[in-house]
Amino acid sequence: MEALFSILGSKMVSPIIEKLANILIPPPPSKICGSEGGPPVTAKRIRLKDGRYLAYAEAGINKADARHKIVFCHGFTGSRNDMLRLSPEMMEEFGVYMVGFDQAGYGESDPNPNRSVRTTALDIEELADALEFGPKFYLIGRSIGNHAVWGALKYIPERLAGVVLMAPVINYRWPGFPADLATSLYNKQQVGDQWALRISYYTPSILHWWLEQTWLPTSTIINGTVYLPNKLDAEIRRRGTADGTFEKKIQQATQQGRYESFYREMKVMFGKWEFDPMDLPEPACPVHLFQGDEDGLVPVELQRYIADRLKWINYHELPSTGHYMSFVPGLGDKILKILLD
């Protein structure tokens with residue numbers, strides 16, 4: 001199976017498939033915020049150099065009085081309003097001003113048809129400059145949003161004062177992983193999830209079509225049925241499903257279309273990267289990686305491998321903790337203290 005898809009994803013065959021896909025199964029039209037028939041613009045936004053708008057939200061103390069400025073990258077189904085959960089006392093004590101932003105195509109940020117790991121990192125840099133953060137700022141990512149953090153460590157390391165990766169999603173096909181370990185853990189996923197990642201990597205031009213077909217194996221992440229071994233994770237999902245919170249978050253994240261938000265992000269995260277994070281040189285700033293040992297979405301074994309390869313990462317493995325670590329009481333304050341101390 002992998003051998004066949006390797007041929008389909010080759011430099012010779014892939015462009016042909018992409019051209020055919022654009023003709024036979026073109027992606028649905030986007031509903032751009034502020035355009036005729038599109039969702040209204042309600043958020044604060046900056047205009048980027050390429051003309052796109054990037055929406056953001058603020059938290060913490062007044063920016064002019066802040067001693068520490070932080071950019072937060074949301075996860076799958078997230079938005080600009082998802083940030084590190086901090087007590088008011090901690091934000092006041094450490095003088096924190098924090099912004100979250102809608103990644104391209106999410107919420108009220110314009111889509112980027114050329115979206116990549118690099119472009120997301122550069123969006124962060126432009127946001128920090130537009131908000132006059134100064135020469136350096138702190139960066140925190142959650143879940144799949146950490147592709148932007150790896151990108152920042154690659155493309156703008158000189159701008160970073162400190163970094164936190166919270167339960168960072170991995171790409172099983174990063175070359176630095178031992179093939180036997182990555183393949184073994186990849187095959188432990190549900191069949192639908194294996195297919196979603198396989199399509200994202202080899203034939204991304206048909207991903208939107210594949211994920212919309214009810215008769216094909218589908219992603220348990222997207223349909224909300226992924227197995228969650230951690231009790232808190234499972235309870236959070238149960239409550240969020242019952243009271244409509246999860247559905248509301250999804251509607252906000254995908255109001256410009258699932259293609260521009262979810263599916264583009266999957267193609268970036270699980271597609272062919274421009275670099276391998278395990279080849280990154282040691283940055284001048286401290287880097288912390290937090291991983292739960294009961295994470296049902298990210299294999300802890302691969303996270304341990306990354307931490308072992310990159311000796312400069314400060315690895316924090318949290319016992320009896322799952323993927324939704326933002327909901328762990330008091331953890332946000334602990335992470336902030338570790339980052340800024």
# chains A, B, ... in the order shown; residues from 1 in each chain; ligands from 1
call {"tool": "residues_around", "arguments": {"residues": "Phe72 of chain A", "least_positions_apart": "6", "cutoff": "12 Å", "atoms": "only C-alpha atoms", "output": "VMD selection string"}}
result
chain A and resid 56 to 59 78 to 85 97 to 103 121 124 127 to 128 137 to 143 145 to 146 148 to 149 163 to 166
call {"tool": "residues_around", "arguments": {"residues": "Cys33 of chain A", "least_positions_apart": "3", "cutoff": "8 Å", "atoms": "only C-alpha atoms", "output": "list in words"}}
result
Gly38, Pro39, Pro40, Val41, Glu108, Ser109, Asp110 and Gln256 of chain A
call {"tool": "write_last_selection", "arguments": {"atoms": "N, CA and C atoms", "output": "JSON list (two decimals), in the first residue's frame"}}
result
[["chain", "number", "residue", "atom", "x", "y", "z"],
["A", 38, "GLY", "N", -20.29, 36.13, 3.05],
["A", 38, "GLY", "CA", -19.39, 35.50, 4.01],
["A", 38, "GLY", "C", -19.70, 35.92, 5.43],
["A", 39, "PRO", "N", -19.06, 35.31, 6.41],
["A", 39, "PRO", "CA", -19.27, 35.66, 7.81],
["A", 39, "PRO", "C", -18.81, 37.10, 8.07],
["A", 40, "PRO", "N", -19.40, 37.75, 9.06],
["A", 40, "PRO", "CA", -18.99, 39.13, 9.39],
["A", 40, "PRO", "C", -17.63, 39.15, 10.10],
["A", 41, "VAL", "N", -16.98, 40.29, 10.02],
["A", 41, "VAL", "CA", -15.72, 40.48, 10.74],
["A", 41, "VAL", "C", -16.04, 41.09, 12.10],
["A", 108, "GLU", "N", -11.57, 34.08, 11.68],
["A", 108, "GLU", "CA", -11.71, 35.30, 10.87],
["A", 108, "GLU", "C", -10.40, 35.71, 10.20],
["A", 109, "SER", "N", -9.45, 34.79, 10.11],
["A", 109, "SER", "CA", -8.22, 35.06, 9.36],
["A", 109, "SER", "C", -8.39, 34.58, 7.92],
["A", 110, "ASP", "N", -7.95, 35.40, 6.97],
["A", 110, "ASP", "CA", -8.09, 35.03, 5.56],
["A", 110, "ASP", "C", -7.34, 33.74, 5.26],
["A", 256, "GLN", "N", -15.29, 29.70, 7.47],
["A", 256, "GLN", "CA", -14.91, 30.00, 6.09],
["A", 256, "GLN", "C", -14.79, 28.73, 5.25]]
call {"tool": "residues_around", "arguments": {"residues": "Glu247 of chain A", "least_positions_apart": "3", "cutoff": "12 Å", "atoms": "only C-alpha atoms", "output": "count of residues only"}}
result
18
call {"tool": "select_by_dssp", "arguments": {"residues": "segment 17-126 of chain A", "states": "strand (DSSP E)", "output": "PyMOL selection string"}}
result
chain A and resi 44-47+53-60+68-73+96-101
call {"tool": "residues_around", "arguments": {"residues": "Arg67 of chain A", "least_positions_apart": "3", "cutoff": "9 Å", "atoms": "only C-alpha atoms", "output": "PyMOL selection string"}}
result
chain A and resi 63-64+94-97
call {"tool": "write_last_selection", "arguments": {"atoms": "all heavy atoms", "output": "CSV table (one decimal), in the first residue's frame"}}
result
chain,number,residue,atom,x,y,z
A,63,LYS,N,-0.8,46.1,27.3
A,63,LYS,CA,0.4,45.8,26.6
A,63,LYS,C,1.5,46.8,26.9
A,63,LYS,O,2.7,46.3,27.0
A,63,LYS,CB,0.1,45.8,25.1
A,63,LYS,CG,1.3,45.5,24.2
A,63,LYS,CD,1.0,45.4,22.7
A,63,LYS,CE,0.5,46.8,22.2
A,63,LYS,NZ,0.3,46.8,20.7
A,64,ALA,N,1.2,48.0,27.1
A,64,ALA,CA,2.2,49.0,27.4
A,64,ALA,C,3.0,48.7,28.7
A,64,ALA,O,4.1,49.2,28.9
A,64,ALA,CB,1.6,50.4,27.4
A,94,PHE,N,3.7,38.3,36.7
A,94,PHE,CA,4.8,38.2,35.7
A,94,PHE,C,4.6,39.3,34.6
A,94,PHE,O,5.5,39.3,33.7
A,94,PHE,CB,4.7,36.8,35.1
A,94,PHE,CG,5.4,35.8,36.0
A,94,PHE,CD1,4.6,35.0,36.8
A,94,PHE,CD2,6.7,35.5,35.9
A,94,PHE,CE1,5.1,34.1,37.7
A,94,PHE,CE2,7.3,34.5,36.7
A,94,PHE,CZ,6.5,33.8,37.6
A,95,GLY,N,3.6,40.1,34.7
A,95,GLY,CA,3.4,41.2,33.7
A,95,GLY,C,3.2,40.6,32.3
A,95,GLY,O,4.0,41.0,31.4
A,96,VAL,N,2.2,39.7,32.1
A,96,VAL,CA,2.0,39.0,30.9
A,96,VAL,C,1.0,39.7,30.0
A,96,VAL,O,-0.1,40.0,30.5
A,96,VAL,CB,1.6,37.6,31.2
A,96,VAL,CG1,1.2,36.9,29.9
A,96,VAL,CG2,2.8,36.8,31.8
A,97,TYR,N,1.3,39.9,28.8
A,97,TYR,CA,0.4,40.3,27.7
A,97,TYR,C,0.4,39.2,26.7
A,97,TYR,O,1.5,38.9,26.2
A,97,TYR,CB,0.7,41.6,27.1
A,97,TYR,CG,-0.1,42.0,25.8
A,97,TYR,CD1,-1.4,42.5,25.9
A,97,TYR,CD2,0.5,41.8,24.6
A,97,TYR,CE1,-2.1,42.8,24.8
A,97,TYR,CE2,-0.2,42.1,23.4
A,97,TYR,CZ,-1.5,42.6,23.5
A,97,TYR,OH,-2.2,42.9,22.4
call {"tool": "closest_residue", "arguments": {"among": "A:Gly292, A:Pro168, A:Pro319, A:Pro204", "to": "Lys272 of chain A", "atoms": "only C-alpha atoms"}}
result
A:Pro204
call {"tool": "residues_around", "arguments": {"residues": "segment 185-198 of chain A", "least_positions_apart": "4", "cutoff": "12 Å", "atoms": "only C-alpha atoms", "output": "PyMOL selection string"}}
result
chain A and resi 1-6+8-9+170-173+177-181+202-204+206-227+262-263+265-272+296-303
call {"tool": "atom_distance", "arguments": {"atom1": "atom CA of Val117 of chain A", "atom2": "atom CA of Phe275 of chain A"}}
result
9.4 Å
call {"tool": "closest_residue", "arguments": {"among": "A:His74, A:His68, A:Lys337, A:Lys49", "to": "Ala167 of chain A", "atoms": "only C-alpha atoms"}}
result
A:His74
call {"tool": "decode", "arguments": {"residues": "segment 20-61 of chain A", "atoms": "N, CA and C atoms", "output": "tab-separated table (two decimals), in the first residue's frame"}}
result
chain	number	residue	atom	x	y	z
A	20	LEU	N	-5.76	16.72	-12.30
A	20	LEU	CA	-7.01	15.98	-12.48
A	20	LEU	C	-7.98	16.24	-11.33
A	21	ALA	N	-7.45	16.28	-10.11
A	21	ALA	CA	-8.31	16.52	-8.95
A	21	ALA	C	-8.96	17.89	-9.02
A	22	ASN	N	-8.21	18.91	-9.44
A	22	ASN	CA	-8.76	20.26	-9.53
A	22	ASN	C	-9.86	20.36	-10.58
A	23	ILE	N	-9.80	19.47	-11.58
A	23	ILE	CA	-10.83	19.47	-12.63
A	23	ILE	C	-12.03	18.63	-12.21
A	24	LEU	N	-11.76	17.43	-11.71
A	24	LEU	CA	-12.83	16.48	-11.42
A	24	LEU	C	-13.48	16.67	-10.05
A	25	ILE	N	-12.66	17.01	-9.06
A	25	ILE	CA	-13.19	17.18	-7.69
A	25	ILE	C	-12.60	18.46	-7.08
A	26	PRO	N	-12.92	19.61	-7.66
A	26	PRO	CA	-12.36	20.86	-7.13
A	26	PRO	C	-12.82	21.13	-5.70
A	27	PRO	N	-11.99	21.78	-4.91
A	27	PRO	CA	-12.40	22.10	-3.54
A	27	PRO	C	-13.59	23.05	-3.54
A	28	PRO	N	-14.40	23.02	-2.51
A	28	PRO	CA	-15.57	23.91	-2.45
A	28	PRO	C	-15.14	25.36	-2.33
A	29	PRO	N	-15.99	26.29	-2.78
A	29	PRO	CA	-15.63	27.71	-2.67
A	29	PRO	C	-15.56	28.15	-1.21
A	30	SER	N	-14.66	29.09	-0.95
A	30	SER	CA	-14.50	29.60	0.41
A	30	SER	C	-15.51	30.71	0.69
A	31	LYS	N	-15.81	30.90	1.97
A	31	LYS	CA	-16.70	31.98	2.41
A	31	LYS	C	-15.86	32.96	3.23
A	32	ILE	N	-15.20	33.88	2.54
A	32	ILE	CA	-14.24	34.76	3.18
A	32	ILE	C	-14.95	35.76	4.11
A	33	CYS	N	-14.42	35.94	5.29
A	33	CYS	CA	-15.00	36.89	6.24
A	33	CYS	C	-14.98	38.30	5.65
A	34	GLY	N	-16.13	38.96	5.76
A	34	GLY	CA	-16.23	40.33	5.25
A	34	GLY	C	-16.60	40.42	3.80
A	35	SER	N	-16.61	39.29	3.08
A	35	SER	CA	-17.01	39.31	1.67
A	35	SER	C	-18.52	39.14	1.56
A	36	GLU	N	-19.03	39.35	0.37
A	36	GLU	CA	-20.48	39.21	0.15
A	36	GLU	C	-20.89	37.76	0.39
A	37	GLY	N	-21.81	37.57	1.32
A	37	GLY	CA	-22.27	36.23	1.65
A	37	GLY	C	-21.40	35.51	2.65
A	38	GLY	N	-20.29	36.13	3.05
A	38	GLY	CA	-19.39	35.50	4.01
A	38	GLY	C	-19.70	35.92	5.43
A	39	PRO	N	-19.06	35.31	6.41
A	39	PRO	CA	-19.27	35.66	7.81
A	39	PRO	C	-18.81	37.10	8.07
A	40	PRO	N	-19.40	37.75	9.06
A	40	PRO	CA	-18.99	39.13	9.39
A	40	PRO	C	-17.63	39.15	10.10
A	41	VAL	N	-16.98	40.29	10.02
A	41	VAL	CA	-15.72	40.48	10.74
A	41	VAL	C	-16.04	41.09	12.10
A	42	THR	N	-15.67	40.40	13.17
A	42	THR	CA	-15.94	40.89	14.52
A	42	THR	C	-14.66	41.04	15.34
A	43	ALA	N	-13.57	40.44	14.88
A	43	ALA	CA	-12.32	40.41	15.65
A	43	ALA	C	-11.39	41.55	15.27
A	44	LYS	N	-10.43	41.79	16.13
A	44	LYS	CA	-9.33	42.67	15.77
A	44	LYS	C	-8.48	41.95	14.74
A	45	ARG	N	-8.02	42.68	13.73
A	45	ARG	CA	-7.23	42.05	12.68
A	45	ARG	C	-6.09	42.97	12.24
A	46	ILE	N	-5.00	42.35	11.79
A	46	ILE	CA	-3.93	43.12	11.16
A	46	ILE	C	-3.87	42.71	9.70
A	47	ARG	N	-3.31	43.60	8.87
A	47	ARG	CA	-3.13	43.26	7.47
A	47	ARG	C	-1.68	42.86	7.24
A	48	LEU	N	-1.50	41.68	6.65
A	48	LEU	CA	-0.17	41.15	6.41
A	48	LEU	C	0.40	41.71	5.10
A	49	LYS	N	1.68	41.49	4.88
A	49	LYS	CA	2.36	42.04	3.71
A	49	LYS	C	1.75	41.55	2.40
A	50	ASP	N	1.22	40.31	2.41
A	50	ASP	CA	0.64	39.78	1.17
A	50	ASP	C	-0.82	40.16	0.99
A	51	GLY	N	-1.34	41.02	1.88
A	51	GLY	CA	-2.71	41.51	1.75
A	51	GLY	C	-3.73	40.75	2.56
A	52	ARG	N	-3.37	39.59	3.10
A	52	ARG	CA	-4.31	38.83	3.93
A	52	ARG	C	-4.51	39.50	5.29
A	53	TYR	N	-5.66	39.21	5.88
A	53	TYR	CA	-5.93	39.69	7.23
A	53	TYR	C	-5.76	38.55	8.23
A	54	LEU	N	-5.19	38.88	9.38
A	54	LEU	CA	-4.97	37.91	10.45
A	54	LEU	C	-5.70	38.39	11.69
A	55	ALA	N	-6.63	37.57	12.20
A	55	ALA	CA	-7.43	37.94	13.36
A	55	ALA	C	-6.74	37.51	14.65
A	56	TYR	N	-6.90	38.32	15.70
A	56	TYR	CA	-6.26	37.98	16.97
A	56	TYR	C	-7.12	38.43	18.14
A	57	ALA	N	-6.81	37.88	19.32
A	57	ALA	CA	-7.47	38.25	20.57
A	57	ALA	C	-6.39	38.47	21.62
A	58	GLU	N	-6.73	39.24	22.64
A	58	GLU	CA	-5.75	39.63	23.66
A	58	GLU	C	-6.16	39.15	25.05
A	59	ALA	N	-5.15	38.94	25.89
A	59	ALA	CA	-5.38	38.57	27.29
A	59	ALA	C	-4.23	39.11	28.13
A	60	GLY	N	-4.47	39.22	29.41
A	60	GLY	CA	-3.42	39.67	30.31
A	60	GLY	C	-3.51	41.15	30.62
A	61	ILE	N	-2.38	41.72	31.03
A	61	ILE	CA	-2.36	43.12	31.42
A	61	ILE	C	-2.22	44.03	30.20
